[in-house]
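One structure below.
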Number of protein chains: 2
Amino acid sequence: MITLRKAVAKDVKAIMNLVNELAVYENAPEQVSNTEERMLEEGFGPKKAFECILAESENGIIGMALYYFRYSTWKGRRLYLEDLVVTESQRGTGAGKLLFDAMIETAKQEDCSGMMWQVLDWNKPAINFYDKYSTRYDEGWLNCHLDF
Amino acid sequence: MITLRKAVAKDVKAIMNLVNELAVYENAPEQVSNTEERMLEEGFGPKKAFECILAESENGIIGMALYYFRYSTWKGRRLYLEDLVVTESQRGTGAGKLLFDAMIETAKQEDCSGMMWQVLDWNKPAINFYDKYSTRYDEGWLNCHLDF
């Protein structure tokens, strides 16, 4: 049985493990400069920058949805799903669907006009999953970064 | 002379005009379902979802930078520049650089590890502008949307 719960400060290690697992899958482990200390402060301190829901089973923490709210000048307030991760050995258990459906529910409760996320164009398993919903894809956008 | 100031509630009409002008330039005017009423509530009400800085000259409001904060699980807290717009007749006046530099300053003051934004891959004038900074571009990401 899989249950969902809100992440708390002591989950930071498990969250960073999932972040790193996803970054390896996305061929970008070297891009992770974030740390448990930084995430503890920014996610669980007074200036909370994100929310996180965890999926748990008898195997412990097996996945997460990390999210926050954004503002689309075209569409208004949106939930942004920064990371949806299920650890590799636990894929196909339905944890991803539970987490994703919880995000839709949260976005609706928060009066969002919709939700947004990103996927790499070669990540067919993820795209197949998102295709089961009425997902609309926008191509041609480059992500731009300036690092200090 | 161009000056910058924070947008206030009465600027909503000018902001939506710039949003619509940018959407036309990006070949997506039909995607704008946002309204002045919604933006007034979401940007200037108690549950503030974004910040906006305006550029003004003797010609009135000539541009804006609309932004908020995001959380990168890879990089930590980031400023996100949702829209940088200078109205067509006022491009080349330096307003874009003033606004963009103000965003860098704000991101640093807010202890962000960097800033992020998106650009359409065919928008060469914008890319040429961003190239003057140490901008890093990520390709291959699709923007995904679920509209309620």
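Ordered as shown in the structure tokens, chains take letters A, B, and onward, while each chain numbers its residues from 1 and ligands are numbered from 1 in the order shown.
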Give me the residues within 12 Å of Ala107 (chain A) as a JSON list (two decimals) with C-alpha atoms, in the first residue's frame, counting only C-alpha atoms and dropping any in the same chain fewer than 2 places off.
```
[["chain", "number", "residue", "atom", "x", "y", "z"],
["A", 67, "TYR", "CA", 6.06, 21.93, -6.29],
["A", 68, "TYR", "CA", 5.34, 25.62, -5.84],
["A", 69, "PHE", "CA", 3.16, 28.25, -7.44],
["A", 70, "ARG", "CA", 4.04, 30.32, -10.46],
["A", 77, "ARG", "CA", -1.82, 31.49, -11.21],
["A", 78, "ARG", "CA", -0.45, 28.00, -11.93],
["A", 79, "LEU", "CA", 0.88, 25.14, -9.88],
["A", 80, "TYR", "CA", 4.38, 24.25, -11.04],
["A", 81, "LEU", "CA", 5.51, 20.69, -10.59],
["A", 100, "PHE", "CA", 0.41, 13.48, -10.05],
["A", 101, "ASP", "CA", -3.31, 13.25, -9.18],
["A", 102, "ALA", "CA", -2.57, 14.85, -5.80],
["A", 103, "MET", "CA", -0.94, 17.75, -7.67],
["A", 104, "ILE", "CA", -4.03, 18.27, -9.84],
["A", 105, "GLU", "CA", -6.18, 18.24, -6.72],
["A", 109, "GLN", "CA", -7.95, 23.71, -4.37],
["A", 110, "GLU", "CA", -5.56, 26.64, -4.73],
["A", 111, "ASP", "CA", -7.65, 28.29, -7.48],
["A", 112, "CYS", "CA", -5.03, 27.76, -10.15],
["A", 113, "SER", "CA", -6.04, 27.96, -13.81],
["A", 114, "GLY", "CA", -3.93, 24.88, -14.42],
["A", 115, "MET", "CA", -0.59, 23.25, -13.75],
["A", 116, "MET", "CA", 2.74, 23.23, -15.56],
["B", 146, "LEU", "CA", -2.72, 20.99, -17.99],
["B", 147, "ASP", "CA", -5.54, 23.55, -18.15],
["B", 148, "PHE", "CA", -8.58, 23.24, -15.88]]
```
Residues of chain A within 9 Å of chain B, counting only C-alpha atoms, what are they? List them as an NGL selection string. :A and (16 or 19-20 or 23 or 29 or 31-35 or 38-39 or 42-43 or 49-50 or 66-77 or 82-83 or 104 or 108 or 112-122 or 130 or 133-148)
Neighbour list for region 84-98 of chain B as a PyMOL selection string, cut-off 8 Å, only C-alpha atoms, skip fewer than 5 positions in-chain: chain B and resi 2+4+18-19+21-22+55+62-66
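Our summary of the geometry notes that CA of Val8 (chain B) is positioned 23.7 Å from CA of Lys47 (chain A).
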Could you please write out, as an mmCIF file with C-alpha atoms, in the first residue's frame, every residue of chain B that DSSP assigns to strand (DSSP E or B)?
```
data_model
loop_
_atom_site.group_PDB
_atom_site.id
_atom_site.type_symbol
_atom_site.label_atom_id
_atom_site.label_comp_id
_atom_site.auth_asym_id
_atom_site.auth_seq_id
_atom_site.Cartn_x
_atom_site.Cartn_y
_atom_site.Cartn_z
ATOM 1 C CA THR B 3 13.311 55.528 -14.838
ATOM 2 C CA LEU B 4 12.264 52.309 -13.154
ATOM 3 C CA ARG B 5 9.592 51.916 -10.506
ATOM 4 C CA LYS B 6 7.538 49.153 -8.923
ATOM 5 C CA GLU B 51 6.255 41.388 -8.705
ATOM 6 C CA CYS B 52 6.620 43.831 -11.574
ATOM 7 C CA ILE B 53 8.986 46.675 -12.362
ATOM 8 C CA LEU B 54 8.062 49.269 -14.975
ATOM 9 C CA ALA B 55 10.282 51.390 -17.202
ATOM 10 C CA GLU B 56 8.961 54.886 -17.838
ATOM 11 C CA SER B 57 10.071 57.767 -20.051
ATOM 12 C CA GLY B 60 4.832 56.875 -20.456
ATOM 13 C CA ILE B 61 5.240 53.208 -19.552
ATOM 14 C CA ILE B 62 7.528 51.724 -22.196
ATOM 15 C CA GLY B 63 8.468 48.349 -20.717
ATOM 16 C CA MET B 64 8.360 45.949 -17.807
ATOM 17 C CA ALA B 65 10.032 43.056 -16.060
ATOM 18 C CA LEU B 66 7.522 40.734 -14.388
ATOM 19 C CA TYR B 67 9.070 38.233 -12.009
ATOM 20 C CA TYR B 68 8.708 35.950 -9.013
ATOM 21 C CA PHE B 69 10.820 33.406 -7.181
ATOM 22 C CA ARG B 70 11.154 29.742 -8.049
ATOM 23 C CA TYR B 71 12.911 26.794 -6.528
ATOM 24 C CA SER B 72 15.346 24.721 -8.537
ATOM 25 C CA GLY B 76 18.241 26.321 -4.963
ATOM 26 C CA ARG B 77 16.289 29.571 -4.863
ATOM 27 C CA ARG B 78 16.155 31.411 -8.221
ATOM 28 C CA LEU B 79 14.587 34.576 -9.506
ATOM 29 C CA TYR B 80 12.354 33.780 -12.464
ATOM 30 C CA LEU B 81 11.870 36.476 -15.077
ATOM 31 C CA GLU B 82 8.477 35.641 -16.521
ATOM 32 C CA ASP B 83 8.262 38.527 -19.001
ATOM 33 C CA LEU B 84 10.771 41.132 -20.121
ATOM 34 C CA VAL B 85 9.058 43.465 -22.587
ATOM 35 C CA VAL B 86 9.891 46.798 -24.143
ATOM 36 C CA GLY B 114 20.957 32.792 -10.008
ATOM 37 C CA MET B 115 18.114 33.744 -12.284
ATOM 38 C CA MET B 116 16.165 31.932 -14.986
ATOM 39 C CA TRP B 117 13.884 32.767 -17.879
ATOM 40 C CA GLN B 118 12.835 31.316 -21.230
ATOM 41 C CA VAL B 119 13.290 32.478 -24.804
ATOM 42 C CA LEU B 120 11.875 31.139 -28.073
ATOM 43 C CA ARG B 136 23.601 29.360 -20.252
ATOM 44 C CA TYR B 137 20.943 27.780 -22.489
ATOM 45 C CA ASP B 138 19.289 24.373 -21.990
ATOM 46 C CA TRP B 141 12.866 20.660 -22.594
ATOM 47 C CA LEU B 142 9.173 20.698 -23.452
ATOM 48 C CA ASN B 143 6.830 22.945 -21.485
ATOM 49 C CA CYS B 144 3.850 20.872 -20.374
ATOM 50 C CA HIS B 145 0.465 22.320 -19.453
ATOM 51 C CA LEU B 146 -2.722 20.993 -17.987
ATOM 52 C CA ASP B 147 -5.542 23.545 -18.153
#
```
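Here CA of Tyr25 (chain B) stands at a distance of 19.1 Å from CA of Leu99 (chain B).
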Interatomic distance, CA of Val24 (chain A) to CA of Leu40 (chain A) (Å, one decimal): 21.7 Å
